[in-house]
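Visitor: This structure is in structure tokens; I'll ask about it shortly.
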Amino acid sequence: MSGLLQRVRGLRGSMPGGSVGTRLAVMAIINAVGTGAFLAVSVPFVTRSVGLTAGNLGLGLTLSAVVSLATALPIGHLADRIGPKKVLVGVNLWRGACFLVYPFVQNLWQFLAVVLLLGVADKAASPMEQALVGQAVPTEERVRVIALLRAIRNVGFTVGALLGGIGLMIDTRPGYAAILLVNAAAFAVSAALASRLPLLNAPAKSLRRRFSAKVLKDGPFLAFTGINAVLTMHMTLLSIGIPLWIVGQTKVSPTVIAPLMAVNTVLAVALQMRASRGTETIAGSARALLWAGASLTICCLLLTATPNLPVVLAIGMLLLAMVALTGGELWQAAGGWGGSYLLAVPGQEGVYLSVFWLGVAIQQIAAPLLISLVVTVGATGWIVLAALFAASGIAAPAIGRWAQAQVDSRTDEPSLVKAT
């Protein structure tokens, strides 16, 4: 880990955001390693060490998600009052404290208590990190910084999964507990680093805003958030849809799933910053979502051809589908980041970004059911999903123009957000 951090520091001069970008990168990789390690051992810990059923686990995660949805807006409003940096420090300390007690869970009620407490702050982290980048780095570099952080997180998740593998090999409660405590420590260190991050445009000290639901009446922003949420289904397509399709509907061995996932990870790390180019404007962000919709459409259509193909050809088709899915992932991420920054009302970024990420959270709850249904239905299901992706992508430029007109009408909106 120390060698990796030294390498990151060595790249400081060429990194977007300069020294601040480097600090954000260090925070990102520490968080990702801890989270990756936790994800690797979470299910075995709950089911084998605590002795809960898969139904108990599902209940806890569902209730946690509901709590997350309920707290996202109030936390976003708090960030607009005191600044996202302070809120992010608090969120990381809160999560660190929860993972500090997680290893001591003994029964269902204790498990539910911990995951519900985690849910209070769980969905607040991503919008706070994005808002913090907006305050800590120059405007023209913020999407590139976010793209870099996403690439670094992919590396960190992989390293964390390998670390979690040690806990799986030990397969004892103390082994799992050690991994959970590593995640708690990662959040504590991340909070400490965030607290020392310098800001370019800190919030005014005399903020007196009351909570406003104005964002819920912002048609262009909600439309942009909606199509972005649809396009983020690539996450569930990757984790659930393609594996289920391979196992249940093709002649291909399930052993190809891991290499296909590796292709996605490598491409995501290598190409995320390139995919973010041009998304510094509303028009550019909408264009990226258009390309995302096209790529995901192609992915779905390629998958429909795999069941009746010979194994070798089916593997080739699956590889092409994974490349198309990864393209959709990269363009969706870049377009979503750029657009959500640019469409947020100045001074209300916390609430706006919280709503934007709520769209992603709702998709994460609904998409597993939808993708499972698609796999069950077969080719017709994939074609319907392809049409949904295509429609979302095609709608993006029109929504971008609608949003641009609204932004232009704001007398206090900086001219730099106008599309070129």
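Residue names in the structure tokens use chain letters A, B, ... in the order shown, residue numbers from 1 in each chain, and ligand numbers from 1 in the order shown.
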Just want the 10 Å neighbourhood of Gln363 (chain A), counted on only C-alpha atoms, with same-chain residues fewer than 5 positions away dropped. Output as a PyMOL selection string.

Guide: chain A and resi 226+228-233+235-236+357-358+368+370

Visitor: Filtering to N, CA and C atoms, could you give me those residues as an mmCIF file, in the first residue's frame?

Guide:
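Heads up, here's the output in result31.cif:
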```cif
data_model
loop_
_atom_site.group_PDB
_atom_site.id
_atom_site.type_symbol
_atom_site.label_atom_id
_atom_site.label_comp_id
_atom_site.auth_asym_id
_atom_site.auth_seq_id
_atom_site.Cartn_x
_atom_site.Cartn_y
_atom_site.Cartn_z
ATOM 1 N N GLY A 226 -33.361 11.360 -13.919
ATOM 2 C CA GLY A 226 -34.108 10.156 -14.267
ATOM 3 C C GLY A 226 -33.432 9.332 -15.343
ATOM 4 N N ASN A 228 -30.329 9.462 -16.221
ATOM 5 C CA ASN A 228 -29.059 8.975 -15.695
ATOM 6 C C ASN A 228 -29.277 7.731 -14.835
ATOM 7 N N ALA A 229 -30.346 7.742 -14.020
ATOM 8 C CA ALA A 229 -30.645 6.582 -13.171
ATOM 9 C C ALA A 229 -30.918 5.347 -14.017
ATOM 10 N N VAL A 230 -31.656 5.513 -15.120
ATOM 11 C CA VAL A 230 -31.913 4.373 -16.008
ATOM 12 C C VAL A 230 -30.602 3.822 -16.554
ATOM 13 N N LEU A 231 -29.721 4.711 -16.976
ATOM 14 C CA LEU A 231 -28.467 4.280 -17.583
ATOM 15 C C LEU A 231 -27.517 3.651 -16.560
ATOM 16 N N THR A 232 -27.679 3.984 -15.281
ATOM 17 C CA THR A 232 -26.829 3.346 -14.266
ATOM 18 C C THR A 232 -27.200 1.888 -14.031
ATOM 19 N N MET A 233 -28.222 1.393 -14.705
ATOM 20 C CA MET A 233 -28.535 -0.035 -14.599
ATOM 21 C C MET A 233 -27.408 -0.904 -15.137
ATOM 22 N N MET A 235 -24.727 -1.201 -13.806
ATOM 23 C CA MET A 235 -24.127 -1.818 -12.619
ATOM 24 C C MET A 235 -24.791 -3.162 -12.322
ATOM 25 N N THR A 236 -26.110 -3.184 -12.354
ATOM 26 C CA THR A 236 -26.838 -4.428 -12.089
ATOM 27 C C THR A 236 -26.704 -5.399 -13.255
ATOM 28 N N TRP A 357 -28.038 11.611 -6.629
ATOM 29 C CA TRP A 357 -27.603 10.283 -6.192
ATOM 30 C C TRP A 357 -28.757 9.439 -5.659
ATOM 31 N N LEU A 358 -29.852 10.102 -5.251
ATOM 32 C CA LEU A 358 -31.051 9.346 -4.883
ATOM 33 C C LEU A 358 -31.578 8.563 -6.079
ATOM 34 N N PRO A 368 -32.396 -4.849 -9.662
ATOM 35 C CA PRO A 368 -32.243 -6.305 -9.572
ATOM 36 C C PRO A 368 -33.503 -7.068 -9.964
ATOM 37 N N LEU A 370 -35.907 -5.932 -12.002
ATOM 38 C CA LEU A 370 -36.127 -5.734 -13.430
ATOM 39 C C LEU A 370 -35.177 -6.597 -14.264
#
```

Visitor: Separation of CA of Val247 (chain A) and CA of Gly316 (chain A), in Å?

Guide: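 Separating CA of Val247 (chain A) from CA of Gly316 (chain A) is a distance of 16.0 Å.
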
Visitor: Go through region 334-365 of chain A residue by residue and, counting only C-alpha atoms, keep those with an atom at most 9 Å from region 131-139 of chain A; for each kept residue give the shortest atom pair and its distance in Å to one decimal, ordered by chain and increasing number, as JSON lines.

Guide:
```
{"residue": "A:Tyr341", "atom": "CA", "partner": "A:Gly134", "partner_atom": "CA", "distance": 7.8}
{"residue": "A:Glu349", "atom": "CA", "partner": "A:Ala131", "partner_atom": "CA", "distance": 6.5}
{"residue": "A:Gly350", "atom": "CA", "partner": "A:Ala131", "partner_atom": "CA", "distance": 6.5}
{"residue": "A:Leu353", "atom": "CA", "partner": "A:Ala131", "partner_atom": "CA", "distance": 7.3}
```

Visitor: Could the residues in this selection be written to a file with N, CA, C and O atoms, as a PDB file, in the first residue's frame?

Guide:
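Now in selection-v3.pdb:
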```pdb
ATOM      1  N   TYR A 341     -23.221  18.538 -11.776  1.00  0.00           N
ATOM      2  CA  TYR A 341     -22.549  19.760 -11.314  1.00  0.00           C
ATOM      3  C   TYR A 341     -23.173  20.998 -11.957  1.00  0.00           C
ATOM      4  O   TYR A 341     -23.507  21.974 -11.285  1.00  0.00           O
ATOM      5  N   GLU A 349     -25.764  23.013  -3.968  1.00  0.00           N
ATOM      6  CA  GLU A 349     -25.176  21.802  -4.535  1.00  0.00           C
ATOM      7  C   GLU A 349     -25.410  20.573  -3.672  1.00  0.00           C
ATOM      8  O   GLU A 349     -25.590  19.466  -4.197  1.00  0.00           O
ATOM      9  N   GLY A 350     -25.395  20.747  -2.361  1.00  0.00           N
ATOM     10  CA  GLY A 350     -25.587  19.609  -1.468  1.00  0.00           C
ATOM     11  C   GLY A 350     -26.916  18.923  -1.685  1.00  0.00           C
ATOM     12  O   GLY A 350     -26.992  17.700  -1.835  1.00  0.00           O
ATOM     13  N   LEU A 353     -27.145  17.506  -5.487  1.00  0.00           N
ATOM     14  CA  LEU A 353     -26.373  16.287  -5.702  1.00  0.00           C
ATOM     15  C   LEU A 353     -26.949  15.120  -4.901  1.00  0.00           C
ATOM     16  O   LEU A 353     -26.864  13.965  -5.331  1.00  0.00           O
TER      17      LEU A 353
END
```

Visitor: With only C-alpha atoms as the basis for distance, which of A:Trp291, A:Ala79, A:Arg95, A:Ile257 is at the shortest distance from Ala395 (chain A)?

Guide: A:Trp291

Visitor: Give me the residues near Ile30 (chain A) as a list in words, where near means some atom within 7 Å (using only C-alpha atoms) and where sequence neighbours in that chain fewer than 3 positions away do not count.

Guide: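 Everything that qualifies: Val26, Met27, Val33, Gly34, Ala186 and Ser190 of chain A.
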
Visitor: Go ahead and save the picked residues with N, CA, C and O atoms, as a PDB file, in the first residue's frame.

Guide:
```pdb
ATOM      1  N   VAL A  26      -5.625   9.676  -2.546  1.00  0.00           N
ATOM      2  CA  VAL A  26      -5.231   8.863  -1.394  1.00  0.00           C
ATOM      3  C   VAL A  26      -6.472   8.487  -0.574  1.00  0.00           C
ATOM      4  O   VAL A  26      -6.643   7.335  -0.157  1.00  0.00           O
ATOM      5  N   MET A  27      -7.363   9.470  -0.358  1.00  0.00           N
ATOM      6  CA  MET A  27      -8.607   9.183   0.365  1.00  0.00           C
ATOM      7  C   MET A  27      -9.419   8.125  -0.361  1.00  0.00           C
ATOM      8  O   MET A  27      -9.961   7.203   0.258  1.00  0.00           O
ATOM      9  N   VAL A  33     -10.208   0.313  -0.643  1.00  0.00           N
ATOM     10  CA  VAL A  33      -9.594  -0.916  -0.124  1.00  0.00           C
ATOM     11  C   VAL A  33     -10.405  -1.446   1.056  1.00  0.00           C
ATOM     12  O   VAL A  33     -10.718  -2.638   1.139  1.00  0.00           O
ATOM     13  N   GLY A  34     -10.775  -0.544   1.965  1.00  0.00           N
ATOM     14  CA  GLY A  34     -11.575  -0.970   3.113  1.00  0.00           C
ATOM     15  C   GLY A  34     -12.926  -1.517   2.703  1.00  0.00           C
ATOM     16  O   GLY A  34     -13.368  -2.570   3.181  1.00  0.00           O
ATOM     17  N   ALA A 186     -10.194   2.434   7.877  1.00  0.00           N
ATOM     18  CA  ALA A 186     -10.131   3.160   6.605  1.00  0.00           C
ATOM     19  C   ALA A 186     -11.022   4.394   6.643  1.00  0.00           C
ATOM     20  O   ALA A 186     -10.632   5.477   6.178  1.00  0.00           O
ATOM     21  N   SER A 190      -9.751   8.273   6.411  1.00  0.00           N
ATOM     22  CA  SER A 190     -10.348   9.112   5.374  1.00  0.00           C
ATOM     23  C   SER A 190     -10.952  10.380   5.966  1.00  0.00           C
ATOM     24  O   SER A 190     -10.835  11.468   5.395  1.00  0.00           O
TER      25      SER A 190
END
```

Visitor: Quick one: residues within 12 Å of Lys251 (chain A), only C-alpha atoms, excluding same-chain residues fewer than 5 positions away - as a short mmCIF file (atom, residue, chain, number, x, y, z; two decimals) with N, CA and C atoms, in the first residue's frame?

Guide:
```cif
data_model
loop_
_atom_site.label_atom_id
_atom_site.label_comp_id
_atom_site.auth_asym_id
_atom_site.auth_seq_id
_atom_site.Cartn_x
_atom_site.Cartn_y
_atom_site.Cartn_z
N TRP A 245 -27.47 -14.72 -17.09
CA TRP A 245 -27.70 -15.09 -18.49
C TRP A 245 -26.71 -16.18 -18.93
N ILE A 246 -25.46 -16.03 -18.53
CA ILE A 246 -24.45 -17.03 -18.89
C ILE A 246 -24.79 -18.38 -18.28
N VAL A 256 -16.17 -18.32 -17.27
CA VAL A 256 -15.82 -17.13 -18.06
C VAL A 256 -16.27 -15.84 -17.38
N THR A 306 -26.46 -14.83 -27.97
CA THR A 306 -25.53 -15.81 -27.40
C THR A 306 -26.10 -17.20 -27.13
N PRO A 307 -27.38 -17.38 -26.81
CA PRO A 307 -27.84 -18.72 -26.41
C PRO A 307 -27.66 -19.80 -27.47
N ASN A 308 -27.84 -19.47 -28.74
CA ASN A 308 -27.82 -20.48 -29.79
C ASN A 308 -26.48 -20.62 -30.50
N LEU A 309 -25.48 -19.87 -30.04
CA LEU A 309 -24.18 -19.91 -30.68
C LEU A 309 -23.31 -21.03 -30.11
N PRO A 310 -22.37 -21.56 -30.92
CA PRO A 310 -21.36 -22.47 -30.37
C PRO A 310 -20.56 -21.77 -29.28
N VAL A 311 -19.94 -22.53 -28.40
CA VAL A 311 -19.27 -21.96 -27.21
C VAL A 311 -18.27 -20.88 -27.57
N VAL A 312 -17.41 -21.16 -28.55
CA VAL A 312 -16.35 -20.19 -28.87
C VAL A 312 -16.95 -18.88 -29.37
N LEU A 313 -17.93 -18.99 -30.28
CA LEU A 313 -18.56 -17.77 -30.80
C LEU A 313 -19.35 -17.05 -29.70
N ALA A 314 -19.98 -17.81 -28.82
CA ALA A 314 -20.73 -17.19 -27.72
C ALA A 314 -19.80 -16.42 -26.79
N ILE A 315 -18.62 -16.99 -26.53
CA ILE A 315 -17.65 -16.28 -25.68
C ILE A 315 -17.22 -14.97 -26.34
N LEU A 318 -20.01 -12.53 -25.99
CA LEU A 318 -20.06 -12.03 -24.60
C LEU A 318 -18.97 -11.00 -24.35
#
```

Visitor: Hey, what does DSSP flag as alpha helix (DSSP H) within region 96-311 of chain A? Can you give it to me as a PyMOL selection string?

Guide: chain A and resi 96-101+108-122+125-136+142-170+173-195+219-231+234-236+242-249+257-275+282-304+311

Visitor: Would you work out the distance separating CA of Gly83 (chain A) from CA of Gln348 (chain A), expressed in Å to one decimal?

Guide: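 Here the two named atoms are 10.4 Å from each other.
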
Visitor: In Å, how far is it from CA of Gly338 (chain A) to CA of Thr62 (chain A)?

Guide: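 The value is 29.8 Å.
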
Visitor: Using only C-alpha atoms, determine which residues lie at most 7 Å from Ala324 (chain A), disregarding the query and same-chain residues fewer than 4 positions distant; provide the list as a list of chain:residue names.

Guide: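 Residues meeting the cut-off are A:Ser295, A:Leu296, A:Ile298, A:Cys299, A:Leu320, A:Gly328.
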
Visitor: Using N, CA, C and O atoms, can you export the residues from the last selection as a PDB file, in the first residue's frame?

Guide:
```pdb
ATOM      1  N   SER A 295     -24.380   2.506 -26.345  1.00  0.00           N
ATOM      2  CA  SER A 295     -23.514   1.383 -25.991  1.00  0.00           C
ATOM      3  C   SER A 295     -24.276   0.298 -25.235  1.00  0.00           C
ATOM      4  O   SER A 295     -24.111  -0.894 -25.494  1.00  0.00           O
ATOM      5  N   LEU A 296     -25.129   0.717 -24.293  1.00  0.00           N
ATOM      6  CA  LEU A 296     -25.890  -0.265 -23.520  1.00  0.00           C
ATOM      7  C   LEU A 296     -26.945  -0.957 -24.389  1.00  0.00           C
ATOM      8  O   LEU A 296     -27.250  -2.136 -24.182  1.00  0.00           O
ATOM      9  N   ILE A 298     -26.502  -1.662 -27.578  1.00  0.00           N
ATOM     10  CA  ILE A 298     -25.718  -2.656 -28.321  1.00  0.00           C
ATOM     11  C   ILE A 298     -25.415  -3.865 -27.438  1.00  0.00           C
ATOM     12  O   ILE A 298     -25.512  -5.015 -27.877  1.00  0.00           O
ATOM     13  N   CYS A 299     -25.061  -3.609 -26.179  1.00  0.00           N
ATOM     14  CA  CYS A 299     -24.773  -4.697 -25.245  1.00  0.00           C
ATOM     15  C   CYS A 299     -25.969  -5.649 -25.142  1.00  0.00           C
ATOM     16  O   CYS A 299     -25.816  -6.869 -25.244  1.00  0.00           O
ATOM     17  N   LEU A 320     -17.650  -8.975 -26.612  1.00  0.00           N
ATOM     18  CA  LEU A 320     -18.085  -7.735 -27.254  1.00  0.00           C
ATOM     19  C   LEU A 320     -19.164  -7.039 -26.423  1.00  0.00           C
ATOM     20  O   LEU A 320     -19.179  -5.807 -26.297  1.00  0.00           O
ATOM     21  N   GLY A 328     -20.746   1.981 -22.064  1.00  0.00           N
ATOM     22  CA  GLY A 328     -21.909   2.626 -21.472  1.00  0.00           C
ATOM     23  C   GLY A 328     -21.640   3.101 -20.057  1.00  0.00           C
ATOM     24  O   GLY A 328     -22.051   4.199 -19.661  1.00  0.00           O
TER      25      GLY A 328
END
```
